[in-house]
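Reading through the structure tokens given below for one structure.
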Amino acid sequence: MLEEVVVTATKRAEGLQDVPIAISVMSGEAIAEKGLADLADLAVYMPNIHIAEGGAGTQLFIRGIGSGINYGFEQSVGTFIDGVYYGRGRSARGKFLDLERVEVLKGPQSTLFGKNTIAGAINITTAKPSDEFEAFVEMNYITELEGFGVTGMVTGPITDSLRGRIVAKKYEDDGYVENKAAGGDDGPQQDNLYIRGSLEWDATDNLLVNFKAEHGTFDVVNRQEVISDASPTATGIYQAFGVPNFQAGFERENYSLGFPGEAPFDDTETSMFQITADYAMGEHSLRSITAYTEYEFTNILDTDYSPLAFLARGRTEEHEQFSQELLLTSPAGGVIEYLAGVYYQTEELSNNRNTRVAFSAVPPIEDAILSQLGGPPSTALDGNGVNFFSQDTDSWSMFVEATWNITDTFRATAGVRYSDDKKEASKRGFVENTSGILPDALFDFLWEGPLNLASKHEYALDRSENHTTGHINLQWDFSDAGMMYVTVSNGFKAGGFDEDNSLGRLDVAEFEDESVQSIEIGAKLDLADGRGRLNVAVFSSEYEDVQVSTFDGNAAFVVGNAAESEVQGLEADVMFAVTDELTINGAFAYLDATYKSFPDAACNVDQILDNVAATGSRACVQDLSGERLQFAPEYTANIGAEYITMVTDTMEIAMSVDYNWSDETVVANDQDANLIQDSVGLLNARIGLASSDGTWNLSLIGKNLTEEDVFTWGNDVPLGAFGFDKTYFKHINPPRTFELAARYNF
């Protein structure tokens with residue numbers, strides 16, 4: 001029989017097959033066995049989910065719905081770790097460490113999880129202290145990346161009423177993209193360190209208190225970006241003023257230099273402290289979750305993506321968040337069951353951004369501009385656009401969910417949540433005349449006007465919004481081995497302020513909240529007396545006032561609420577124990593995710609060039625109504641098998657293989673044909689040896705065994721009008737790798 005999978009998607013510990021929600025779940029043990037390092041690795045195994053690093057941030061999409069590239073956007077997919085909300089995309093870059101399981105809840109989750117779960121929620125549970133002494137040390141080595149990691153964990157009782165757990169992980173590698181520019185660094189080189197400590201205290205017979213603290217650093221040198229296509233003009237510029245042997249291509253090679261003395265890097269430091277208290281009040285329970293989280297990151301990105309010392313953007317961002325949740329839970333099994341809670345969150349966000357432009361590094365571009373301006377001397381246009389953005393947010397909500405067990409086999413659940421959000425933001429920008437040749441007033445005019453890069457501005461804005469959201473669910477256990485459900489729900493994602501807005505335009509400085517109406521019908525079946533399970537869901541959702549961010553082809557992203565979307569489809573997953581030794585699994589998804597209305601979308605480069613030929617202007621829009629959404633392939637599927645058997649009386653062997661396939665995927669939301677990832681399948685496999693008493697195990701894990709070239713993000717190279725039209729960069733995934741992992745349990 002298959003082991004029961006316990007999840008907390010309803011904020012109660014329940015079996016996966018009893019929960020009327022479409023969920024993809026993977027245990028911490030399976031994550032470790034497959035060598036999955038983070039959420040991006042995990043997403044490959046879950047149809048209709050996309051998680052990957054973008055040009056300026058991390059993107060999380062479920063069923064084609066996510067947030068674009070703007071540091072003012074909150075995520076459409078909420079991430080929760082041990083019940084604590086992490087709303088910033090940067091939080092998704094952390095490495096997995098000592099997990100119990102990861103649940104991905106699909107569709108709006110706005111009653112129990114709140115705002116910014118308009119597409120779904122990622123619910124991560126870390127491992128807790130143990131009643132008995134346990135410890136392990138694990139080491140792993142990854143080929144191609146020259147990656148080496150070591151993890152250690154110790155847990156057990158400290159006193160009769162106190163248990164502890166401490167775990168630490170160190171990992172570093174040399175990257176997999178070769179930098180062919182002289183003096184350039186390969187990338188993305190990683191150097192990570194994470195440590196977590198937790199205590200579990202039986203304070204009284206009725207009170208259990210958990211303390212958790214963790215700290216991490218995640219440092220990266222260079223990135224996985226390559227210039228996949230370059231126009232003849234761009235190629236000539238790159239070869240003449242960058243690297244003579246430059247060649248565009250979708251290989252794991254780049255020519256990135258950045259500015260002299262400013263090699264591209266991205267360093268992140270995170271900390272969190274949490275106290276969770278569970279108090280038993282008779283048959284009821286009261287849970288309090290108090291948490292403080294913070295991060296700071298600093299980076300310098302090579303934003304011309306090339307061997308030119310032309311464009312670079314640096315940023316320092318700090319974020320602090322305090323949250324408090326109280327949750328009252330009724331006993332289970334009665335005619336009426338309920339959950340009720342209140343939530344409060346306050347956060348402070350600030351970032352400083354510098355955008356350096358050195359026209360003097362590309363003489364043909366500089367000469368062309370200067371000649372139109374009457375021929376000022378060389379380097380006259382070199383400058384730095386400086387922006388300061390800060391935002392304070394206060395949010396509170398209260399919610400209740402009640403289940404009426406009408407009969408032993410039929411129940412109705414309804415939930416409602418009221419949310420109130422207030423934001424205050426300030427933004428200031430100016431231009432530094434780094435050459436000092438031109439008068440500042442003329443220099444500022446040129447950067448804002450003809451060059452359209454940045455301007456001097458300063459403003460402060462505030463906004464308030466409140467929402468009532470919820471869901472109604474009907475569930476029927478039609479047999480001891482199966483149930484069906486239908487859920488109608490709505491949700492919202494908060495509005496906010498455009499962090500980019502380098503020109504300081506007040507007409508586009510603010511974007512509104514977006515909303516969704518959704519219906520889902522599903523079934524969960526146990527097969528062959530518990531040897532298998534089959535879960536199926538069909539869904540339909542309509543999103544209004546969708547927040548979008550599209551690169552304008554020059555130097556900025558256009559942000560607004562320009563779109564309405566329709567998302568519908570089917571998802572199914574199956575697992576079956578064929579024998580005691582052999583288990584197979586599979587998943588399939590069909591997704592029809594399109595813009596219902598998007599009449600004012602930014603043009604792609606072909607449309608811009610056509611408009612230039614017809615009107616002489618690069619300003620144009622396109623109608624994307626009816627077109628497919630980003631990161632929403634029509635079909636995705638995976639299949640896998642695992643075989644475990646004893647080879648001696650004291651040793652077992654485990655062999656597994658999985659194949660993850662995706663239909664073609666729109667990557668850039670201007671629908672540029674050069675930025676569509678073709679359909680692709682990734683083959684992974686593992687072979688492991690372990691002692692029968694669980695003392696040790698040794699694994700060899702192969703990923704991307706067929707050496708597929710896949711990109712998860714890409715866009716136009718900036719400043720297309722200066723010779724870079726039809727030139728693209730892409731983020732390429734790792735090549736075939738083999739990981740050797742060894743673990744010893746004490």
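Here, A, B, ... name the chains of the structure tokens in the order displayed, residue numbers run from 1 inside each chain, and ligands are numbered from 1 in the same displayed order.
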- Query: Do you know which residues are at most 6 Å from range 80-83 of chain A counting only C-alpha atoms, after dropping those on the same chain fewer than 6 positions away, and could you put them as a list in words?
  - Reply: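 Once the nearby chain positions are removed, what remains is Asn123, Ile124 and Thr125 of chain A.
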- Might you pull out every residue within 7 Å of range 618-623 of chain A, with only C-alpha atoms counted and same-chain residues fewer than 6 positions away left off, and present them as an MDAnalysis selection string? chainID A and resid 598:603 608 611:612
I need the residues from that last selection saved to file as an mmCIF file, in the first residue's frame (with N, CA, C and O atoms), if you can.
data_model
loop_
_atom_site.group_PDB
_atom_site.id
_atom_site.type_symbol
_atom_site.label_atom_id
_atom_site.label_comp_id
_atom_site.auth_asym_id
_atom_site.auth_seq_id
_atom_site.Cartn_x
_atom_site.Cartn_y
_atom_site.Cartn_z
ATOM 1 N N PHE A 598 -6.526 42.600 -23.791
ATOM 2 C CA PHE A 598 -5.244 43.279 -23.553
ATOM 3 C C PHE A 598 -4.954 44.155 -24.769
ATOM 4 O O PHE A 598 -4.056 43.885 -25.563
ATOM 5 N N PRO A 599 -5.745 45.232 -24.937
ATOM 6 C CA PRO A 599 -5.671 46.015 -26.186
ATOM 7 C C PRO A 599 -4.462 46.931 -26.290
ATOM 8 O O PRO A 599 -4.133 47.369 -27.395
ATOM 9 N N ASP A 600 -3.806 47.234 -25.182
ATOM 10 C CA ASP A 600 -2.734 48.223 -25.201
ATOM 11 C C ASP A 600 -1.410 47.628 -24.757
ATOM 12 O O ASP A 600 -0.636 48.253 -24.026
ATOM 13 N N ALA A 601 -1.118 46.413 -25.197
ATOM 14 C CA ALA A 601 0.139 45.764 -24.840
ATOM 15 C C ALA A 601 1.297 46.384 -25.610
ATOM 16 O O ALA A 601 1.139 46.905 -26.723
ATOM 17 N N ALA A 602 2.478 46.331 -25.024
ATOM 18 C CA ALA A 602 3.666 46.847 -25.693
ATOM 19 C C ALA A 602 3.982 46.001 -26.927
ATOM 20 O O ALA A 602 3.774 44.784 -26.946
ATOM 21 N N CYS A 603 4.504 46.632 -27.954
ATOM 22 C CA CYS A 603 4.851 45.945 -29.198
ATOM 23 C C CYS A 603 6.131 45.145 -29.032
ATOM 24 O O CYS A 603 7.006 45.489 -28.228
ATOM 25 N N ILE A 608 7.584 47.114 -33.781
ATOM 26 C CA ILE A 608 8.195 48.436 -33.645
ATOM 27 C C ILE A 608 8.862 48.850 -34.948
ATOM 28 O O ILE A 608 8.701 49.991 -35.424
ATOM 29 N N ASN A 611 6.401 49.820 -37.503
ATOM 30 C CA ASN A 611 5.829 51.131 -37.217
ATOM 31 C C ASN A 611 6.810 52.252 -37.555
ATOM 32 O O ASN A 611 6.411 53.322 -38.027
ATOM 33 N N VAL A 612 8.098 52.006 -37.354
ATOM 34 C CA VAL A 612 9.118 52.988 -37.737
ATOM 35 C C VAL A 612 9.084 53.206 -39.245
ATOM 36 O O VAL A 612 9.144 54.345 -39.736
#
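Each of A:Ser625, A:Thr712, A:Thr58, A:Thr379 was checked against Lys730 in chain A using only C-alpha atoms; the smallest atom-to-atom distance is that of A:Thr712.
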- Task: Find the residues around range 402-405 of chain A up to 9 Å (only C-alpha atoms counted), leave out those fewer than 4 positions away in its own chain, and share them as a ChimeraX atom specification.
- Result: /A:333-340,409-415,473
- Task: Would you list the contacts of Thr636 in chain A as a PyMOL selection string, taking every protein, DNA or RNA residue within 8 Å and counting only C-alpha atoms, but skipping same-chain residues closer than 6 positions in sequence?
- Result: chain A and resi 47-48+588-590+660-663
